[in-house]
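Q: Before I ask anything, let me first share the structure, which is written out below as structure tokens.
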Amino acid sequence: MINLNRVAGYRVALKLKQSDMANKLNISRQAYSEKERGNVPFKDSEKIFLKELFKQVDSNVTIDLLFFG
């Protein structure tokens, strides 16, 4: 299961709204919200993108930590 607190926490640490994240992933805000809440899985390409983006906050962040921790 996705670790919602971590994904949302990193997003907030970067001072980004769900709509900002949706724009970066080229999806609707509603679609991003569903993914962040764990109702719809993130695509592997989105997981990689988020990991790289969140490295701005934590250089040690991993996909496992974000999505499987």
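Labels used: A, B, ... for chains in the order of the structure tokens, numbers from 1 for residues in each chain, and numbers from 1 for ligands as shown.
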Env of stretch 34-51 of chain A: 10 Å cut, atoms = only C-alpha atoms, seq-sep filter 6 positions within chain, self excluded. Answer as a CSV table (one decimal) with all heavy atoms, in the first residue's frame.
A:
chain,number,residue,atom,x,y,z
A,1,MET,N,0.8,-1.2,0.0
A,1,MET,CA,0.0,0.0,0.0
A,1,MET,C,0.9,1.2,0.0
A,1,MET,O,1.9,1.3,0.6
A,1,MET,CB,-0.9,0.0,1.2
A,1,MET,CG,-1.8,1.2,1.3
A,1,MET,SD,-2.9,1.1,2.7
A,1,MET,CE,-3.4,2.8,2.8
A,2,ILE,N,0.4,2.2,-0.7
A,2,ILE,CA,1.2,3.5,-0.8
A,2,ILE,C,1.2,4.1,0.6
A,2,ILE,O,0.3,4.0,1.4
A,2,ILE,CB,0.5,4.5,-1.7
A,2,ILE,CG1,1.2,5.8,-1.9
A,2,ILE,CG2,-0.9,4.7,-1.3
A,2,ILE,CD1,0.6,6.7,-2.9
A,3,ASN,N,2.4,4.7,0.9
A,3,ASN,CA,2.5,5.4,2.2
A,3,ASN,C,2.0,6.9,2.0
A,3,ASN,O,2.8,7.7,1.6
A,3,ASN,CB,3.9,5.4,2.7
A,3,ASN,CG,4.0,5.9,4.1
A,3,ASN,OD1,3.3,6.8,4.5
A,3,ASN,ND2,4.9,5.3,4.9
A,4,LEU,N,0.8,7.1,2.2
A,4,LEU,CA,0.2,8.4,1.9
A,4,LEU,C,0.8,9.6,2.7
A,4,LEU,O,1.0,10.6,2.1
A,4,LEU,CB,-1.3,8.4,2.3
A,4,LEU,CG,-2.2,7.3,1.7
A,4,LEU,CD1,-3.6,7.3,2.2
A,4,LEU,CD2,-2.2,7.5,0.2
A,5,ASN,N,1.2,9.3,3.9
A,5,ASN,CA,1.8,10.4,4.7
A,5,ASN,C,3.1,10.9,4.1
A,5,ASN,O,3.4,12.0,4.1
A,5,ASN,CB,2.0,10.0,6.1
A,5,ASN,CG,0.6,9.8,6.9
A,5,ASN,OD1,-0.4,10.4,6.5
A,5,ASN,ND2,0.6,8.9,7.8
A,6,ARG,N,3.9,9.9,3.6
A,6,ARG,CA,5.2,10.3,3.0
A,6,ARG,C,5.0,11.1,1.7
A,6,ARG,O,5.6,12.1,1.5
A,6,ARG,CB,6.0,9.1,2.8
A,6,ARG,CG,6.5,8.5,4.1
A,6,ARG,CD,7.9,7.8,3.9
A,6,ARG,NE,8.4,7.4,5.2
A,6,ARG,CZ,8.4,6.2,5.6
A,6,ARG,NH1,8.0,5.2,4.9
A,6,ARG,NH2,8.9,5.9,6.8
A,7,VAL,N,4.2,10.6,0.8
A,7,VAL,CA,4.0,11.3,-0.5
A,7,VAL,C,3.4,12.7,-0.3
A,7,VAL,O,4.0,13.7,-0.8
A,7,VAL,CB,3.1,10.5,-1.4
A,7,VAL,CG1,2.8,11.3,-2.7
A,7,VAL,CG2,3.8,9.1,-1.8
A,8,ALA,N,2.4,12.8,0.5
A,8,ALA,CA,1.8,14.1,0.8
A,8,ALA,C,2.8,14.9,1.6
A,8,ALA,O,2.9,16.1,1.3
A,8,ALA,CB,0.5,13.9,1.6
A,10,TYR,N,6.1,14.9,1.6
A,10,TYR,CA,7.2,15.5,0.7
A,10,TYR,C,6.6,16.6,-0.2
A,10,TYR,O,7.2,17.6,-0.5
A,10,TYR,CB,7.8,14.4,-0.2
A,10,TYR,CG,8.8,13.6,0.6
A,10,TYR,CD1,8.6,12.2,0.9
A,10,TYR,CD2,10.1,14.1,0.9
A,10,TYR,CE1,9.6,11.5,1.5
A,10,TYR,CE2,11.0,13.4,1.6
A,10,TYR,CZ,10.8,12.0,1.9
A,10,TYR,OH,11.7,11.3,2.5
A,11,ARG,N,5.4,16.4,-0.7
A,11,ARG,CA,4.7,17.4,-1.5
A,11,ARG,C,4.6,18.7,-0.8
A,11,ARG,O,5.0,19.8,-1.3
A,11,ARG,CB,3.4,16.9,-2.0
A,11,ARG,CG,2.6,17.9,-2.8
A,11,ARG,CD,1.2,17.4,-3.3
A,11,ARG,NE,0.4,16.9,-2.2
A,11,ARG,CZ,-0.4,17.6,-1.4
A,11,ARG,NH1,-0.3,19.0,-1.4
A,11,ARG,NH2,-1.2,17.1,-0.5
A,18,GLN,N,-1.7,19.8,-4.6
A,18,GLN,CA,-2.1,18.6,-5.5
A,18,GLN,C,-2.2,19.1,-6.9
A,18,GLN,O,-1.8,18.3,-7.8
A,18,GLN,CB,-3.4,18.0,-5.0
A,18,GLN,CG,-3.2,17.2,-3.7
A,18,GLN,CD,-4.4,16.4,-3.4
A,18,GLN,OE1,-5.6,16.7,-3.8
A,18,GLN,NE2,-4.3,15.4,-2.5
A,21,MET,N,1.2,19.2,-8.5
A,21,MET,CA,1.7,17.8,-8.8
A,21,MET,C,1.0,17.2,-10.0
A,21,MET,O,1.7,16.6,-10.8
A,21,MET,CB,1.5,16.9,-7.6
A,21,MET,CG,2.3,17.3,-6.3
A,21,MET,SD,4.1,17.3,-6.6
A,21,MET,CE,4.4,15.6,-6.6
A,24,LYS,N,2.6,18.6,-13.1
A,24,LYS,CA,3.9,18.0,-13.3
A,24,LYS,C,3.7,16.6,-13.9
A,24,LYS,O,4.6,16.2,-14.7
A,24,LYS,CB,4.7,17.9,-12.0
A,24,LYS,CG,5.2,19.3,-11.6
A,24,LYS,CD,6.0,19.2,-10.3
A,24,LYS,CE,6.4,20.5,-9.8
A,24,LYS,NZ,7.3,21.3,-10.7
A,25,LEU,N,2.7,15.9,-13.5
A,25,LEU,CA,2.5,14.5,-14.0
A,25,LEU,C,1.6,14.5,-15.2
A,25,LEU,O,1.3,13.4,-15.8
A,25,LEU,CB,1.9,13.6,-12.9
A,25,LEU,CG,2.8,13.4,-11.7
A,25,LEU,CD1,2.1,12.7,-10.6
A,25,LEU,CD2,4.1,12.7,-12.1
A,28,SER,N,-5.1,15.2,-14.2
A,28,SER,CA,-6.0,16.1,-13.5
A,28,SER,C,-5.7,16.1,-12.0
A,28,SER,O,-5.1,15.2,-11.5
A,28,SER,CB,-7.4,15.7,-13.8
A,28,SER,OG,-7.7,14.5,-13.1
A,58,ASP,N,14.9,15.2,0.5
A,58,ASP,CA,15.7,14.1,1.1
A,58,ASP,C,16.4,13.4,0.0
A,58,ASP,O,15.9,12.6,-0.7
A,58,ASP,CB,14.7,13.2,1.8
A,58,ASP,CG,15.3,12.0,2.5
A,58,ASP,OD1,16.6,11.9,2.4
A,58,ASP,OD2,14.6,11.1,3.0
A,59,SER,N,17.7,13.6,0.0
A,59,SER,CA,18.6,13.0,-1.0
A,59,SER,C,18.6,11.4,-0.9
A,59,SER,O,19.0,10.8,-1.9
A,59,SER,CB,20.0,13.5,-0.9
A,59,SER,OG,20.6,13.2,0.3
A,60,ASN,N,18.1,10.9,0.2
A,60,ASN,CA,18.1,9.4,0.4
A,60,ASN,C,16.8,8.8,0.1
A,60,ASN,O,16.6,7.6,0.3
A,60,ASN,CB,18.6,9.1,1.8
A,60,ASN,CG,20.0,9.5,2.1
A,60,ASN,OD1,20.9,9.3,1.3
A,60,ASN,ND2,20.2,10.1,3.2
A,61,VAL,N,15.8,9.6,-0.4
A,61,VAL,CA,14.5,9.0,-0.6
A,61,VAL,C,14.6,7.9,-1.7
A,61,VAL,O,15.3,8.0,-2.7
A,61,VAL,CB,13.5,10.1,-1.0
A,61,VAL,CG1,13.8,10.7,-2.4
A,61,VAL,CG2,12.1,9.6,-0.9
A,62,THR,N,13.8,6.9,-1.5
A,62,THR,CA,13.7,5.8,-2.5
A,62,THR,C,12.3,5.5,-2.8
A,62,THR,O,11.4,5.9,-2.1
A,62,THR,CB,14.3,4.5,-1.9
A,62,THR,OG1,13.6,4.1,-0.8
A,62,THR,CG2,15.8,4.7,-1.5
A,63,ILE,N,12.1,4.8,-3.9
A,63,ILE,CA,10.7,4.4,-4.3
A,63,ILE,C,10.2,3.4,-3.2
A,63,ILE,O,9.0,3.5,-2.9
A,63,ILE,CB,10.7,3.7,-5.7
A,63,ILE,CG1,11.0,4.8,-6.8
A,63,ILE,CG2,9.4,3.0,-6.0
A,63,ILE,CD1,11.1,4.3,-8.2
A,64,ASP,N,11.0,2.5,-2.7
A,64,ASP,CA,10.5,1.6,-1.7
A,64,ASP,C,10.0,2.4,-0.5
A,64,ASP,O,9.0,2.1,0.1
A,64,ASP,CB,11.6,0.7,-1.3
A,64,ASP,CG,11.9,-0.4,-2.3
A,64,ASP,OD1,11.0,-0.7,-3.1
A,64,ASP,OD2,12.9,-1.1,-2.2
A,65,LEU,N,10.8,3.4,-0.1
A,65,LEU,CA,10.4,4.2,1.1
A,65,LEU,C,9.1,4.9,0.8
A,65,LEU,O,8.2,4.9,1.7
A,65,LEU,CB,11.5,5.3,1.4
A,65,LEU,CG,11.2,6.2,2.6
A,65,LEU,CD1,11.3,5.5,3.9
A,65,LEU,CD2,12.1,7.4,2.5
A,66,LEU,N,8.9,5.5,-0.4
A,66,LEU,CA,7.7,6.3,-0.7
A,66,LEU,C,6.5,5.4,-0.8
A,66,LEU,O,5.4,5.7,-0.4
A,66,LEU,CB,7.9,7.0,-2.0
A,66,LEU,CG,8.8,8.3,-1.9
A,66,LEU,CD1,9.0,8.8,-3.3
A,66,LEU,CD2,8.2,9.3,-1.1
A,67,PHE,N,6.6,4.3,-1.5
A,67,PHE,CA,5.5,3.5,-1.9
A,67,PHE,C,5.3,2.1,-1.3
A,67,PHE,O,4.2,1.6,-1.3
A,67,PHE,CB,5.5,3.3,-3.5
A,67,PHE,CG,5.4,4.6,-4.2
A,67,PHE,CD1,6.6,5.2,-4.7
A,67,PHE,CD2,4.2,5.3,-4.3
A,67,PHE,CE1,6.5,6.5,-5.3
A,67,PHE,CE2,4.1,6.5,-5.0
A,67,PHE,CZ,5.3,7.1,-5.5
Q: Could you tell me, as an MDAnalysis selection string, which residues of chain A DSSP assigns to alpha helix (DSSP H) when given the backbone?
A: chainID A and resid 4:13 18:25 29:36 44:54 63
Q: For the atom pair atom CA of A:Val57 and atom CA of A:Asn26, what is the interatomic distance in Å to one decimal place?
A: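 Rounded to one decimal, the two atoms are 21.9 Å apart.
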